[in-house]
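Chemist: Sharing work.csv, CSV, C-alpha atoms and all ligand atoms:
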```csv
chain,number,residue,atom,x,y,z
J,11,MET,CA,15.9,1.7,23.9
J,12,LEU,CA,13.3,4.1,22.4
J,13,LYS,CA,16.0,5.9,20.5
J,14,LEU,CA,17.3,2.7,19.1
J,15,ILE,CA,13.8,1.8,17.9
J,16,GLN,CA,13.3,5.2,16.4
J,17,LYS,CA,16.6,4.8,14.5
J,18,LEU,CA,15.9,1.3,13.2
J,19,VAL,CA,12.2,1.5,12.3
J,20,PRO,CA,12.5,3.9,9.3
J,21,ARG,CA,15.0,1.4,7.8
J,22,SER,CA,12.7,-1.5,7.7
J,23,PRO,CA,9.1,-0.7,6.5
J,24,TRP,CA,6.6,-3.6,6.1
J,25,ILE,CA,4.3,-3.6,3.2
J,26,TYR,CA,0.8,-5.1,3.1
J,27,ARG,CA,-1.2,-5.8,-0.1
J,28,LEU,CA,-4.9,-5.0,-0.1
J,29,ASN,CA,-7.0,-6.3,-3.0
J,30,ALA,CA,-10.0,-4.1,-3.4
J,31,GLY,CA,-11.7,-6.1,-6.1
J,32,SER,CA,-9.0,-6.1,-8.7
J,33,CYS,CA,-8.9,-8.3,-11.8
J,34,ASN,CA,-5.6,-9.8,-10.3
J,35,GLY,CA,-3.5,-8.2,-13.1
J,36,CYS,CA,-1.9,-5.7,-10.6
J,37,ASP,CA,-1.6,-8.4,-8.0
J,38,VAL,CA,0.5,-10.6,-10.3
J,39,GLU,CA,2.8,-7.6,-10.8
J,40,MET,CA,3.0,-7.0,-7.1
J,41,ALA,CA,3.8,-10.6,-6.5
J,42,THR,CA,6.7,-10.1,-8.9
J,43,THR,CA,8.1,-7.4,-6.5
J,44,ALA,CA,7.9,-10.0,-3.7
J,45,LEU,CA,9.2,-13.1,-5.4
J,46,ILE,CA,11.5,-12.2,-8.3
J,47,PRO,CA,15.0,-11.3,-7.1
J,48,ARG,CA,15.5,-8.7,-9.9
J,49,TYR,CA,12.5,-6.7,-8.7
J,50,ASP,CA,12.4,-7.7,-5.0
J,51,VAL,CA,11.5,-4.8,-2.7
J,52,GLU,CA,13.7,-6.3,-0.1
J,53,ARG,CA,16.6,-4.7,-2.0
J,54,ILE,CA,15.3,-1.3,-0.8
J,55,GLY,CA,14.8,-2.5,2.7
J,56,CYS,CA,11.1,-3.4,2.6
J,57,LYS,CA,9.4,-6.6,3.5
J,58,TYR,CA,5.9,-7.9,2.7
J,59,CYS,CA,3.8,-8.9,5.8
J,60,GLY,CA,0.7,-11.0,6.2
J,61,SER,CA,-1.1,-8.9,8.8
J,62,PRO,CA,-2.5,-5.4,8.4
J,63,ARG,CA,-1.6,-4.7,12.0
J,64,HIS,CA,2.2,-4.9,11.2
J,65,ALA,CA,2.1,-2.8,8.0
J,66,ASP,CA,3.6,0.6,7.3
J,67,LEU,CA,2.9,0.9,3.6
J,68,VAL,CA,-0.2,-0.4,1.9
J,69,LEU,CA,-0.4,-1.4,-1.8
J,70,ILE,CA,-4.0,-1.2,-2.9
J,71,SER,CA,-5.2,-2.7,-6.2
J,72,GLY,CA,-8.7,-2.7,-7.6
J,73,PRO,CA,-11.6,-0.2,-7.7
J,74,LEU,CA,-13.2,-1.0,-4.4
J,75,ASN,CA,-16.4,-2.6,-5.6
J,76,LEU,CA,-19.5,-2.9,-3.6
J,77,ARG,CA,-19.0,-6.5,-2.7
J,78,VAL,CA,-15.7,-6.0,-0.9
J,79,ARG,CA,-15.9,-2.4,0.2
J,80,GLU,CA,-16.9,-2.9,3.8
J,81,LYS,CA,-14.3,-5.6,4.4
J,82,VAL,CA,-11.5,-3.7,2.7
J,83,LEU,CA,-12.3,-0.6,4.8
J,84,ARG,CA,-12.3,-2.7,8.0
J,85,VAL,CA,-8.9,-4.1,7.2
J,86,PHE,CA,-7.6,-0.7,6.1
J,87,ASN,CA,-8.6,0.7,9.5
J,88,GLU,CA,-6.6,-2.0,11.3
J,89,ILE,CA,-3.4,-0.6,9.8
J,90,PRO,CA,-1.6,1.5,12.4
J,91,HIS,CA,-0.9,5.2,11.9
J,92,PRO,CA,1.1,6.7,10.1
J,93,LYS,CA,0.4,4.4,7.2
J,94,VAL,CA,1.1,5.4,3.6
J,95,THR,CA,-1.1,4.2,0.8
J,96,ILE,CA,0.0,3.4,-2.7
J,97,GLY,CA,-2.8,3.0,-5.4
J,98,VAL,CA,-1.5,0.4,-7.8
J,99,GLY,CA,-2.9,0.7,-11.4
J,100,ALA,CA,-5.6,2.7,-12.9
J,101,CYS,CA,-8.4,1.2,-10.8
J,102,PRO,CA,-7.8,2.7,-7.4
J,103,ALA,CA,-7.5,6.2,-8.8
J,104,SER,CA,-10.3,6.3,-11.3
J,105,GLY,CA,-12.1,2.9,-11.4
J,106,GLY,CA,-10.1,2.0,-14.5
J,107,CYS,CA,-12.0,-0.3,-16.9
J,108,PHE,CA,-14.6,-0.9,-14.2
J,109,ARG,CA,-15.6,2.8,-14.1
J,110,GLU,CA,-19.3,3.4,-14.4
J,111,GLY,CA,-19.9,-0.4,-14.0
J,112,TYR,CA,-22.8,-1.7,-11.9
J,113,SER,CA,-20.5,-2.9,-9.1
J,114,LEU,CA,-18.9,0.4,-8.5
J,115,GLU,CA,-20.1,3.6,-6.9
J,116,GLU,CA,-16.9,5.6,-6.5
J,117,PRO,CA,-13.2,4.6,-6.9
J,118,VAL,CA,-11.0,3.9,-3.9
J,119,ASP,CA,-9.8,7.5,-3.4
J,120,GLN,CA,-13.3,8.6,-2.3
J,121,TYR,CA,-12.9,6.3,0.7
J,122,ILE,CA,-9.2,5.9,1.3
J,123,PRO,CA,-6.7,8.7,0.8
J,124,LEU,CA,-4.1,7.7,-1.8
J,125,ASP,CA,-0.7,9.1,-1.0
J,126,VAL,CA,1.0,7.7,-4.1
J,127,ILE,CA,-0.5,6.6,-7.4
J,128,VAL,CA,1.3,4.1,-9.7
J,129,PRO,CA,-0.3,4.4,-13.2
J,130,GLY,CA,-0.7,1.6,-15.6
J,131,CYS,CA,-3.1,-1.3,-16.3
J,132,PRO,CA,-1.3,-3.2,-14.9
J,133,PRO,CA,1.8,-1.2,-14.0
J,134,ARG,CA,5.2,-2.8,-14.6
J,135,PRO,CA,7.1,-4.0,-11.5
J,136,GLN,CA,9.7,-1.1,-11.9
J,137,ALA,CA,6.8,1.4,-11.6
J,138,ILE,CA,5.6,-0.3,-8.5
J,139,ILE,CA,9.1,-0.1,-7.0
J,140,GLU,CA,9.3,3.6,-7.9
J,141,GLY,CA,5.9,4.1,-6.1
J,142,VAL,CA,7.2,2.3,-3.0
J,143,VAL,CA,10.3,4.5,-3.0
J,144,LYS,CA,8.1,7.7,-3.2
J,145,ALA,CA,5.9,6.2,-0.4
J,146,LEU,CA,9.0,5.6,1.7
J,147,ASP,CA,9.8,9.4,1.6
J,148,VAL,CA,6.3,10.3,2.7
J,149,TRP,CA,6.3,7.6,5.4
J,150,ARG,CA,9.7,8.7,6.9
J,151,LYS,CA,8.5,12.3,6.9
J,152,ARG,CA,5.4,11.3,8.8
J,153,LEU,CA,7.4,9.2,11.2
J,154,GLU,CA,9.6,12.3,12.0
J,155,GLU,CA,6.5,14.5,12.5
J,156,ASP,CA,4.5,12.0,14.4
J,157,THR,CA,6.9,9.9,16.5
J,158,CYS,CA,4.8,10.1,19.7
J,159,CYS,CA,1.8,8.3,18.0
J,160,ARG,CA,3.9,5.3,17.0
J,161,PHE,CA,6.2,4.6,19.9
J,201,LIG,S1,-5.5,-1.5,-13.2
J,201,LIG,FE1,-5.9,-2.9,-14.8
J,201,LIG,S2,-4.7,-4.8,-14.2
J,201,LIG,FE2,-4.9,-3.5,-12.4
J,201,LIG,S3,-6.7,-4.3,-11.3
J,201,LIG,FE3,-7.4,-2.6,-12.7
J,201,LIG,S4,-8.1,-3.6,-14.6
J,201,LIG,FE4,-6.8,-5.1,-13.5
```
Go through the file and emit its structure as structure tokens.
Ligand code: SF4

Modeler:
Amino acid sequence: MLKLIQKLVPRSPWIYRLNAGSCNGCDVEMATTALIPRYDVERIGCKYCGSPRHADLVLISGPLNLRVREKVLRVFNEIPHPKVTIGVGACPASGGCFREGYSLEEPVDQYIPLDVIVPGCPPRPQAIIEGVVKALDVWRKRLEEDTCCRF
């Protein structure tokens, strides 16, 4: 049974979206990859989920402003190991247009390690899908190295 699970899990990753104070531009593009058949991530075997506890990959948008920082970090810590993070847009990596604003101390990557960064403001859905494909490689490698922690 364990072997069957180990064989099937790498084929069906679940994605969770985490809004860290974005302007919603990136979130609209992420919604495209959930709703529009042409860009749907289900074509590459992924599925969006509503609970951080079920997630394998995390799409993070926004610069992690002071108002949401504590809540975002709490939700992020609920995602089980070995999660892979994808910073969507300029904000998670650098603060984007909010950089040096009053509501921001440091961008996301000072608090949450970003495994993959998808550039753009906002990035196109194709770029998000490319980021998810890169994240899948990282995630499958981590699963192989780290099977005992997950199962
Ligand atoms: S990268 Fe651009 S579109 Fe995305 S949340 Fe930041 S400001 Fe908005």

Chemist: Which residues of chain J sit at most 7 Å from ligand LIG 201 (chain J), using all atoms listed in the file? Give each one's shortest atom pair and distance in Å (one decimal place), in chain and ascending residue order, as JSON lines.

Modeler:
```
{"residue": "J:Ser32", "atom": "CA", "partner": "J:LIG201", "partner_atom": "S3", "distance": 3.9}
{"residue": "J:Cys33", "atom": "CA", "partner": "J:LIG201", "partner_atom": "FE4", "distance": 4.2}
{"residue": "J:Asn34", "atom": "CA", "partner": "J:LIG201", "partner_atom": "S3", "distance": 5.7}
{"residue": "J:Gly35", "atom": "CA", "partner": "J:LIG201", "partner_atom": "S2", "distance": 3.8}
{"residue": "J:Cys36", "atom": "CA", "partner": "J:LIG201", "partner_atom": "FE2", "distance": 4.1}
{"residue": "J:Ser71", "atom": "CA", "partner": "J:LIG201", "partner_atom": "S3", "distance": 5.6}
{"residue": "J:Gly72", "atom": "CA", "partner": "J:LIG201", "partner_atom": "S3", "distance": 4.5}
{"residue": "J:Pro73", "atom": "CA", "partner": "J:LIG201", "partner_atom": "FE3", "distance": 7.0}
{"residue": "J:Val98", "atom": "CA", "partner": "J:LIG201", "partner_atom": "FE2", "distance": 6.9}
{"residue": "J:Gly99", "atom": "CA", "partner": "J:LIG201", "partner_atom": "S1", "distance": 3.9}
{"residue": "J:Ala100", "atom": "CA", "partner": "J:LIG201", "partner_atom": "S1", "distance": 4.2}
{"residue": "J:Cys101", "atom": "CA", "partner": "J:LIG201", "partner_atom": "FE3", "distance": 4.4}
{"residue": "J:Gly106", "atom": "CA", "partner": "J:LIG201", "partner_atom": "FE3", "distance": 5.6}
{"residue": "J:Cys107", "atom": "CA", "partner": "J:LIG201", "partner_atom": "S4", "distance": 5.6}
{"residue": "J:Gly130", "atom": "CA", "partner": "J:LIG201", "partner_atom": "S1", "distance": 6.2}
{"residue": "J:Cys131", "atom": "CA", "partner": "J:LIG201", "partner_atom": "FE1", "distance": 3.6}
{"residue": "J:Pro132", "atom": "CA", "partner": "J:LIG201", "partner_atom": "S2", "distance": 3.8}
```

Chemist: In Å, with one decimal, what is the gap from CA of Ile70 in chain J to CA of Gln16 in chain J?

Modeler: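 Result for CA of Ile70 in chain J versus CA of Gln16 in chain J: 26.7 Å, one decimal.
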
Chemist: Grab the CA of Pro123 in chain J to CA of Gly55 in chain J distance for me, in Å with one decimal place.

Modeler: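 A separation of 24.3 Å between them.
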
Chemist: For Ile89 in chain J, which of J:Val68, J:Val51, J:Ala145, J:Ala103 is the closest residue, counting only C-alpha atoms?

Modeler: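 Going through J:Val68, J:Val51, J:Ala145, J:Ala103 one by one, the smallest distance to Ile89 in chain J is for J:Val68.
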
Chemist: Name the residues in contact with Leu153 in chain J at a cut-off of 12 Å, using all atoms listed in the file, excluding same-chain residues fewer than 3 positions from it; report them as a list of chain:residue names.

Modeler: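 Returned residues: J:Ile15, J:Gln16, J:Lys17, J:Leu18, J:Val19, J:Pro20, J:Arg21, J:Pro23, J:Asp66, J:Pro90, J:His91, J:Pro92, J:Lys93, J:Val94, J:Leu146, J:Asp147, J:Val148, J:Trp149, J:Arg150, J:Asp156, J:Thr157, J:Cys158, J:Cys159, J:Arg160, J:Phe161.
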
Chemist: Need the shell around Trp24 in chain J: protein/DNA/RNA residues with any atom at most 8 Å away, counting only C-alpha atoms. Skip same-chain ones fewer than 5 positions apart. Format as a PyMOL selection string?

Modeler: chain J and resi 56-59+64-67

Chemist: For range 54-85 of chain J, where the input has fewer atoms than it should, I would like N, CA and C atoms rebuilt and written as a PDB file, keeping the file's coordinate frame.

Modeler:
```
ATOM      1  N   ILE J  54      15.366  -2.716  -1.348  1.00  0.00           N
ATOM      2  CA  ILE J  54      15.300  -1.300  -0.800  1.00  0.00           C
ATOM      3  C   ILE J  54      14.831  -1.332   0.631  1.00  0.00           C
ATOM      4  N   GLY J  55      14.999  -2.456   1.285  1.00  0.00           N
ATOM      5  CA  GLY J  55      14.800  -2.500   2.700  1.00  0.00           C
ATOM      6  C   GLY J  55      13.365  -2.841   3.171  1.00  0.00           C
ATOM      7  N   CYS J  56      12.465  -3.124   2.219  1.00  0.00           N
ATOM      8  CA  CYS J  56      11.100  -3.400   2.600  1.00  0.00           C
ATOM      9  C   CYS J  56      10.810  -4.893   2.667  1.00  0.00           C
ATOM     10  N   LYS J  57       9.729  -5.222   3.372  1.00  0.00           N
ATOM     11  CA  LYS J  57       9.400  -6.600   3.500  1.00  0.00           C
ATOM     12  C   LYS J  57       7.837  -6.740   3.460  1.00  0.00           C
ATOM     13  N   TYR J  58       7.321  -7.713   2.711  1.00  0.00           N
ATOM     14  CA  TYR J  58       5.900  -7.900   2.700  1.00  0.00           C
ATOM     15  C   TYR J  58       5.466  -8.622   4.013  1.00  0.00           C
ATOM     16  N   CYS J  59       4.309  -8.249   4.551  1.00  0.00           N
ATOM     17  CA  CYS J  59       3.800  -8.900   5.800  1.00  0.00           C
ATOM     18  C   CYS J  59       2.413  -9.409   5.556  1.00  0.00           C
ATOM     19  N   GLY J  60       2.005 -10.325   6.403  1.00  0.00           N
ATOM     20  CA  GLY J  60       0.700 -11.000   6.200  1.00  0.00           C
ATOM     21  C   GLY J  60      -0.402 -10.376   7.063  1.00  0.00           C
ATOM     22  N   SER J  61      -0.068  -9.446   7.941  1.00  0.00           N
ATOM     23  CA  SER J  61      -1.100  -8.900   8.800  1.00  0.00           C
ATOM     24  C   SER J  61      -1.164  -7.365   8.647  1.00  0.00           C
ATOM     25  N   PRO J  62      -2.367  -6.823   8.516  1.00  0.00           N
ATOM     26  CA  PRO J  62      -2.500  -5.400   8.400  1.00  0.00           C
ATOM     27  C   PRO J  62      -1.961  -4.641   9.641  1.00  0.00           C
ATOM     28  N   ARG J  63      -1.988  -5.317  10.780  1.00  0.00           N
ATOM     29  CA  ARG J  63      -1.600  -4.700  12.000  1.00  0.00           C
ATOM     30  C   ARG J  63      -0.046  -4.421  12.070  1.00  0.00           C
ATOM     31  N   HIS J  64       0.690  -5.102  11.182  1.00  0.00           N
ATOM     32  CA  HIS J  64       2.200  -4.900  11.200  1.00  0.00           C
ATOM     33  C   HIS J  64       2.610  -3.991  10.060  1.00  0.00           C
ATOM     34  N   ALA J  65       1.674  -3.497   9.264  1.00  0.00           N
ATOM     35  CA  ALA J  65       2.100  -2.800   8.000  1.00  0.00           C
ATOM     36  C   ALA J  65       2.385  -1.329   8.248  1.00  0.00           C
ATOM     37  N   ASP J  66       3.277  -0.841   7.388  1.00  0.00           N
ATOM     38  CA  ASP J  66       3.600   0.600   7.300  1.00  0.00           C
ATOM     39  C   ASP J  66       3.129   1.191   6.016  1.00  0.00           C
ATOM     40  N   LEU J  67       3.348   0.440   4.931  1.00  0.00           N
ATOM     41  CA  LEU J  67       2.900   0.900   3.600  1.00  0.00           C
ATOM     42  C   LEU J  67       1.825  -0.071   3.120  1.00  0.00           C
ATOM     43  N   VAL J  68       0.849   0.468   2.395  1.00  0.00           N
ATOM     44  CA  VAL J  68      -0.200  -0.400   1.900  1.00  0.00           C
ATOM     45  C   VAL J  68      -0.310  -0.233   0.376  1.00  0.00           C
ATOM     46  N   LEU J  69      -0.186  -1.356  -0.319  1.00  0.00           N
ATOM     47  CA  LEU J  69      -0.400  -1.400  -1.800  1.00  0.00           C
ATOM     48  C   LEU J  69      -1.817  -1.765  -2.043  1.00  0.00           C
ATOM     49  N   ILE J  70      -2.586  -0.896  -2.678  1.00  0.00           N
ATOM     50  CA  ILE J  70      -4.000  -1.200  -2.900  1.00  0.00           C
ATOM     51  C   ILE J  70      -4.233  -1.377  -4.414  1.00  0.00           C
ATOM     52  N   SER J  71      -4.872  -2.487  -4.754  1.00  0.00           N
ATOM     53  CA  SER J  71      -5.200  -2.700  -6.200  1.00  0.00           C
ATOM     54  C   SER J  71      -6.741  -2.866  -6.247  1.00  0.00           C
ATOM     55  N   GLY J  72      -7.282  -2.537  -7.415  1.00  0.00           N
ATOM     56  CA  GLY J  72      -8.700  -2.700  -7.600  1.00  0.00           C
ATOM     57  C   GLY J  72      -9.506  -1.437  -7.349  1.00  0.00           C
ATOM     58  N   PRO J  73     -10.756  -1.416  -7.797  1.00  0.00           N
ATOM     59  CA  PRO J  73     -11.600  -0.200  -7.700  1.00  0.00           C
ATOM     60  C   PRO J  73     -12.455  -0.054  -6.502  1.00  0.00           C
ATOM     61  N   LEU J  74     -12.345  -0.970  -5.569  1.00  0.00           N
ATOM     62  CA  LEU J  74     -13.200  -1.000  -4.400  1.00  0.00           C
ATOM     63  C   LEU J  74     -14.652  -1.172  -4.745  1.00  0.00           C
ATOM     64  N   ASN J  75     -14.967  -2.343  -5.239  1.00  0.00           N
ATOM     65  CA  ASN J  75     -16.400  -2.600  -5.600  1.00  0.00           C
ATOM     66  C   ASN J  75     -17.258  -2.823  -4.422  1.00  0.00           C
ATOM     67  N   LEU J  76     -18.558  -2.802  -4.681  1.00  0.00           N
ATOM     68  CA  LEU J  76     -19.500  -2.900  -3.600  1.00  0.00           C
ATOM     69  C   LEU J  76     -19.405  -4.134  -2.758  1.00  0.00           C
ATOM     70  N   ARG J  77     -19.068  -5.235  -3.410  1.00  0.00           N
ATOM     71  CA  ARG J  77     -19.000  -6.500  -2.700  1.00  0.00           C
ATOM     72  C   ARG J  77     -17.930  -6.573  -1.645  1.00  0.00           C
ATOM     73  N   VAL J  78     -16.808  -5.900  -1.880  1.00  0.00           N
ATOM     74  CA  VAL J  78     -15.700  -6.000  -0.900  1.00  0.00           C
ATOM     75  C   VAL J  78     -15.489  -4.723  -0.097  1.00  0.00           C
ATOM     76  N   ARG J  79     -16.229  -3.687  -0.415  1.00  0.00           N
ATOM     77  CA  ARG J  79     -15.900  -2.400   0.200  1.00  0.00           C
ATOM     78  C   ARG J  79     -15.873  -2.388   1.703  1.00  0.00           C
ATOM     79  N   GLU J  80     -16.890  -2.936   2.324  1.00  0.00           N
ATOM     80  CA  GLU J  80     -16.900  -2.900   3.800  1.00  0.00           C
ATOM     81  C   GLU J  80     -15.758  -3.668   4.410  1.00  0.00           C
ATOM     82  N   LYS J  81     -15.428  -4.837   3.831  1.00  0.00           N
ATOM     83  CA  LYS J  81     -14.300  -5.600   4.400  1.00  0.00           C
ATOM     84  C   LYS J  81     -12.978  -4.947   4.163  1.00  0.00           C
ATOM     85  N   VAL J  82     -12.804  -4.356   2.991  1.00  0.00           N
ATOM     86  CA  VAL J  82     -11.500  -3.700   2.700  1.00  0.00           C
ATOM     87  C   VAL J  82     -11.355  -2.489   3.668  1.00  0.00           C
ATOM     88  N   LEU J  83     -12.414  -1.728   3.896  1.00  0.00           N
ATOM     89  CA  LEU J  83     -12.300  -0.600   4.800  1.00  0.00           C
ATOM     90  C   LEU J  83     -12.023  -1.021   6.231  1.00  0.00           C
ATOM     91  N   ARG J  84     -12.596  -2.168   6.616  1.00  0.00           N
ATOM     92  CA  ARG J  84     -12.300  -2.700   8.000  1.00  0.00           C
ATOM     93  C   ARG J  84     -10.860  -3.061   8.117  1.00  0.00           C
ATOM     94  N   VAL J  85     -10.319  -3.755   7.119  1.00  0.00           N
ATOM     95  CA  VAL J  85      -8.900  -4.100   7.200  1.00  0.00           C
ATOM     96  C   VAL J  85      -8.022  -2.886   7.114  1.00  0.00           C
TER      97      VAL J  85
END
```
